[in-house]
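Data from coords.pdb: PDB, C-alpha atoms
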ATOM      1  CA  MET A 238      23.922  24.172 143.104  1.00  0.00           C
ATOM      2  CA  LYS A 239      20.389  23.846 144.384  1.00  0.00           C
ATOM      3  CA  HIS A 240      19.586  25.968 147.415  1.00  0.00           C
ATOM      4  CA  LYS A 241      16.630  26.806 149.661  1.00  0.00           C
ATOM      5  CA  VAL A 242      14.626  29.856 148.641  1.00  0.00           C
ATOM      6  CA  ASP A 243      11.754  31.692 150.353  1.00  0.00           C
ATOM      7  CA  ILE A 244       9.226  30.863 147.656  1.00  0.00           C
ATOM      8  CA  SER A 245       6.546  33.040 149.253  1.00  0.00           C
ATOM      9  CA  LYS A 246       8.421  36.081 147.921  1.00  0.00           C
ATOM     10  CA  LEU A 247       8.571  34.901 144.285  1.00  0.00           C
ATOM     11  CA  ASN A 248       6.123  35.705 141.494  1.00  0.00           C
ATOM     12  CA  GLY A 249       4.774  33.010 139.183  1.00  0.00           C
ATOM     13  CA  LYS A 250       7.494  33.222 136.551  1.00  0.00           C
ATOM     14  CA  GLU A 251      10.194  33.182 139.245  1.00  0.00           C
ATOM     15  CA  LEU A 252       8.480  30.191 140.880  1.00  0.00           C
ATOM     16  CA  TYR A 253       8.503  28.339 137.571  1.00  0.00           C
ATOM     17  CA  GLU A 254      12.221  29.066 137.117  1.00  0.00           C
ATOM     18  CA  TYR A 255      12.955  27.995 140.694  1.00  0.00           C
ATOM     19  CA  PHE A 256      10.953  24.761 140.545  1.00  0.00           C
ATOM     20  CA  THR A 257      12.342  23.748 137.146  1.00  0.00           C
ATOM     21  CA  ASN A 258      15.987  24.733 137.736  1.00  0.00           C
ATOM     22  CA  ASN A 259      16.839  24.904 141.450  1.00  0.00           C
ATOM     23  CA  TYR A 260      14.327  22.785 143.349  1.00  0.00           C
ATOM     24  CA  PRO A 261      15.993  19.895 145.209  1.00  0.00           C
ATOM     25  CA  ASP A 262      13.355  17.298 144.138  1.00  0.00           C
ATOM     26  CA  ASP A 263      14.057  16.438 140.486  1.00  0.00           C
ATOM     27  CA  ASP A 264      10.840  14.416 140.152  1.00  0.00           C
ATOM     28  CA  TYR A 265       8.733  17.400 141.210  1.00  0.00           C
ATOM     29  CA  SER A 266      10.759  19.652 138.922  1.00  0.00           C
ATOM     30  CA  SER A 267       9.775  17.454 135.987  1.00  0.00           C
ATOM     31  CA  VAL A 268       6.098  17.726 136.979  1.00  0.00           C
ATOM     32  CA  ILE A 269       6.331  21.524 137.138  1.00  0.00           C
ATOM     33  CA  SER A 270       8.065  21.630 133.756  1.00  0.00           C
ATOM     34  CA  MET A 271       4.849  20.195 132.246  1.00  0.00           C
ATOM     35  CA  LEU A 272       2.562  22.735 133.959  1.00  0.00           C
ATOM     36  CA  PRO A 273       2.442  25.281 131.098  1.00  0.00           C
ATOM     37  CA  TYR A 274       1.388  22.475 128.719  1.00  0.00           C
ATOM     38  CA  ALA A 275      -1.315  21.221 131.085  1.00  0.00           C
ATOM     39  CA  ALA A 276      -2.592  24.748 131.732  1.00  0.00           C
ATOM     40  CA  MET A 277      -2.268  25.594 128.005  1.00  0.00           C
ATOM     41  CA  ASP A 278      -1.080  29.089 128.924  1.00  0.00           C
ATOM     42  CA  ASP A 279       2.095  30.339 130.591  1.00  0.00           C
ATOM     43  CA  ASP A 280       0.339  33.094 132.550  1.00  0.00           C
ATOM     44  CA  LYS A 281      -2.254  30.649 133.869  1.00  0.00           C
ATOM     45  CA  ALA A 282       0.559  28.280 134.871  1.00  0.00           C
ATOM     46  CA  PHE A 283       2.322  31.094 136.722  1.00  0.00           C
ATOM     47  CA  ARG A 284      -0.898  32.027 138.561  1.00  0.00           C
ATOM     48  CA  LEU A 285      -1.407  28.386 139.523  1.00  0.00           C
ATOM     49  CA  LEU A 286       2.127  28.254 140.937  1.00  0.00           C
ATOM     50  CA  GLU A 287       1.451  31.352 143.029  1.00  0.00           C
ATOM     51  CA  ARG A 288      -1.780  29.755 144.235  1.00  0.00           C
ATOM     52  CA  SER A 289       0.038  26.521 145.109  1.00  0.00           C
ATOM     53  CA  VAL A 290       2.411  28.452 147.368  1.00  0.00           C
ATOM     54  CA  ARG A 291      -0.435  30.388 149.042  1.00  0.00           C
ATOM     55  CA  GLU A 292      -2.543  27.260 149.593  1.00  0.00           C
ATOM     56  CA  LYS A 293       0.429  24.968 150.344  1.00  0.00           C
ATOM     57  CA  LYS A 294      -0.670  22.485 147.670  1.00  0.00           C
ATOM     58  CA  LYS A 295       1.246  20.567 145.036  1.00  0.00           C
ATOM     59  CA  PHE A 296       0.877  19.416 141.451  1.00  0.00           C
ATOM     60  CA  TYR A 297       0.705  15.748 140.529  1.00  0.00           C
ATOM     61  CA  ALA A 298       1.210  13.905 137.272  1.00  0.00           C
ATOM     62  CA  TYR A 299      -1.282  11.057 136.987  1.00  0.00           C
ATOM     63  CA  TYR A 300      -0.847   8.250 134.460  1.00  0.00           C
ATOM     64  CA  PRO A 301      -3.946   6.016 134.098  1.00  0.00           C
ATOM     65  CA  ALA A 302      -2.103   3.399 132.018  1.00  0.00           C
ATOM     66  CA  HIS A 303       0.699   3.115 134.601  1.00  0.00           C
ATOM     67  CA  PRO A 304      -0.822   2.566 138.059  1.00  0.00           C
ATOM     68  CA  GLU A 305       2.620   1.898 139.547  1.00  0.00           C
ATOM     69  CA  LEU A 306       3.479   5.570 138.927  1.00  0.00           C
ATOM     70  CA  ASN A 307       0.356   6.783 140.737  1.00  0.00           C
ATOM     71  CA  GLU A 308       0.999   5.148 144.091  1.00  0.00           C
ATOM     72  CA  GLY A 309      -0.188   7.393 146.922  1.00  0.00           C
ATOM     73  CA  ILE A 310      -1.993   9.826 144.599  1.00  0.00           C
ATOM     74  CA  ASP A 311      -5.744  10.181 145.247  1.00  0.00           C
ATOM     75  CA  ILE A 312      -7.130  12.426 142.527  1.00  0.00           C
ATOM     76  CA  SER A 313     -10.737  12.186 143.745  1.00  0.00           C
ATOM     77  CA  LYS A 314     -10.525  15.489 145.666  1.00  0.00           C
ATOM     78  CA  MET A 315      -8.030  17.238 143.399  1.00  0.00           C
ATOM     79  CA  GLU A 316      -8.553  19.840 140.704  1.00  0.00           C
ATOM     80  CA  GLU A 317      -7.660  18.689 137.187  1.00  0.00           C
ATOM     81  CA  ILE A 318      -5.372  21.171 135.433  1.00  0.00           C
ATOM     82  CA  GLY A 319      -5.154  19.528 132.027  1.00  0.00           C
ATOM     83  CA  THR A 320      -3.534  16.826 129.970  1.00  0.00           C
ATOM     84  CA  ILE A 321       0.124  15.905 129.799  1.00  0.00           C
ATOM     85  CA  PRO A 322       1.742  13.189 127.666  1.00  0.00           C
ATOM     86  CA  ASP A 323       0.203   9.837 128.675  1.00  0.00           C
ATOM     87  CA  GLY A 324      -1.845  11.354 131.496  1.00  0.00           C
ATOM     88  CA  ALA A 325      -3.196  14.379 133.300  1.00  0.00           C
ATOM     89  CA  MET A 326      -1.990  16.939 135.813  1.00  0.00           C
ATOM     90  CA  TYR A 327      -3.835  17.524 139.070  1.00  0.00           C
ATOM     91  CA  PHE A 328      -3.599  20.127 141.815  1.00  0.00           C
ATOM     92  CA  GLY A 329      -4.290  19.318 145.423  1.00  0.00           C
TER      93      GLY A 329
END
Here is the file; what I need is its structure written in the form of C-alpha cells.
Amino acid sequence: MKHKVDISKLNGKELYEYFTNNYPDDDYSSVISMLPYAAMDDDKAFRLLERSVREKKKFYAYYPAHPELNEGIDISKMEEIGTIPDGAMYFG
C-alpha cells in the first residue's frame, strides 16, 4: 500500500526507496528509477533527491524523438542531469 510520508525527514537513499516503491504517482516513480543512471552515481543521485526536496523541484524525463511525451515540459530553464534511454533527465 502506498502512503503519504514526510519526505523532508528522509535521507537520499530513503527518498530513492520511497519514490521508487511507495510514491503514489507511478509515472514519477519510473522517472526516479532512472536517476542513478542519469547521474552516473548512486550517491550523486541521492544528493540530487535531497536537493529536490529542499528546493521543491522535480525531475523530468525528456524524449526529443517523442514530442508527445514532452508536453508541458520546458527544459530551457532546467538543469540537465544526464542521459537516459532515448532521452535525457532534467531537474527543475
Provide the atom CA of Tyr297 of chain A to atom CA of Asp280 of chain A distance in Å, to one decimal place.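 Taking atom CA of Tyr297 of chain A as the start and atom CA of Asp280 of chain A as the end point, the length is 19.1 Å.
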Give me, as a PyMOL selection string, all polymer residues having an atom no more than 8 Å from segment 309-320 of chain A, counting all atoms listed in the file and skipping those fewer than 4 positions away in the same chain. chain A and resi 274-277+297+299+324-329
To one decimal in Å, tell me the separation between atom CA of Lys246 of chain A and atom CA of Ala298 of chain A. 25.6 Å
Quick one, how far is atom CA of Tyr253 of chain A from atom CA of Val290 of chain A?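 Pair atom CA of Tyr253 of chain A / atom CA of Val290 of chain A returns 11.5 Å.
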Quick one: apply the PyMOL selection byres ((chain A and resi 291) around 12) to the file and drop the selected residues here as a compact mmCIF listing (two decimals) with C-alpha atoms, in the coordinates of the input.
# COMPACT_ATOMS: atom_id res chain seq x y z
CA ILE A 244 9.23 30.86 147.66
CA SER A 245 6.55 33.04 149.25
CA LYS A 246 8.42 36.08 147.92
CA LEU A 247 8.57 34.90 144.28
CA ASN A 248 6.12 35.70 141.49
CA GLY A 249 4.77 33.01 139.18
CA ARG A 284 -0.90 32.03 138.56
CA LEU A 285 -1.41 28.39 139.52
CA LEU A 286 2.13 28.25 140.94
CA GLU A 287 1.45 31.35 143.03
CA ARG A 288 -1.78 29.76 144.24
CA SER A 289 0.04 26.52 145.11
CA VAL A 290 2.41 28.45 147.37
CA GLU A 292 -2.54 27.26 149.59
CA LYS A 293 0.43 24.97 150.34
CA LYS A 294 -0.67 22.48 147.67
CA LYS A 295 1.25 20.57 145.04
Using the chain letters and numbers from the file, give me the residues hit by the PyMOL selection byres ((chain A and resi 255-269) around 7), as number ranges by chain. A: 239-240, 251-254, 270-272, 297-298
Okay, now the selection with C-alpha atoms, as a PDB file, in the frame of the given file?
ATOM      1  CA  LYS A 239      20.389  23.846 144.384  1.00  0.00           C
ATOM      2  CA  HIS A 240      19.586  25.968 147.415  1.00  0.00           C
ATOM      3  CA  GLU A 251      10.194  33.182 139.245  1.00  0.00           C
ATOM      4  CA  LEU A 252       8.480  30.191 140.880  1.00  0.00           C
ATOM      5  CA  TYR A 253       8.503  28.339 137.571  1.00  0.00           C
ATOM      6  CA  GLU A 254      12.221  29.066 137.117  1.00  0.00           C
ATOM      7  CA  SER A 270       8.065  21.630 133.756  1.00  0.00           C
ATOM      8  CA  MET A 271       4.849  20.195 132.246  1.00  0.00           C
ATOM      9  CA  LEU A 272       2.562  22.735 133.959  1.00  0.00           C
ATOM     10  CA  TYR A 297       0.705  15.748 140.529  1.00  0.00           C
ATOM     11  CA  ALA A 298       1.210  13.905 137.272  1.00  0.00           C
TER      12      ALA A 298
END
For Pro273 of chain A, work out the shell of residues within 9 Å, counting all atoms listed in the file and skipping chain neighbours fewer than 6 positions away, then give it as a PyMOL selection string. chain A and resi 279-283
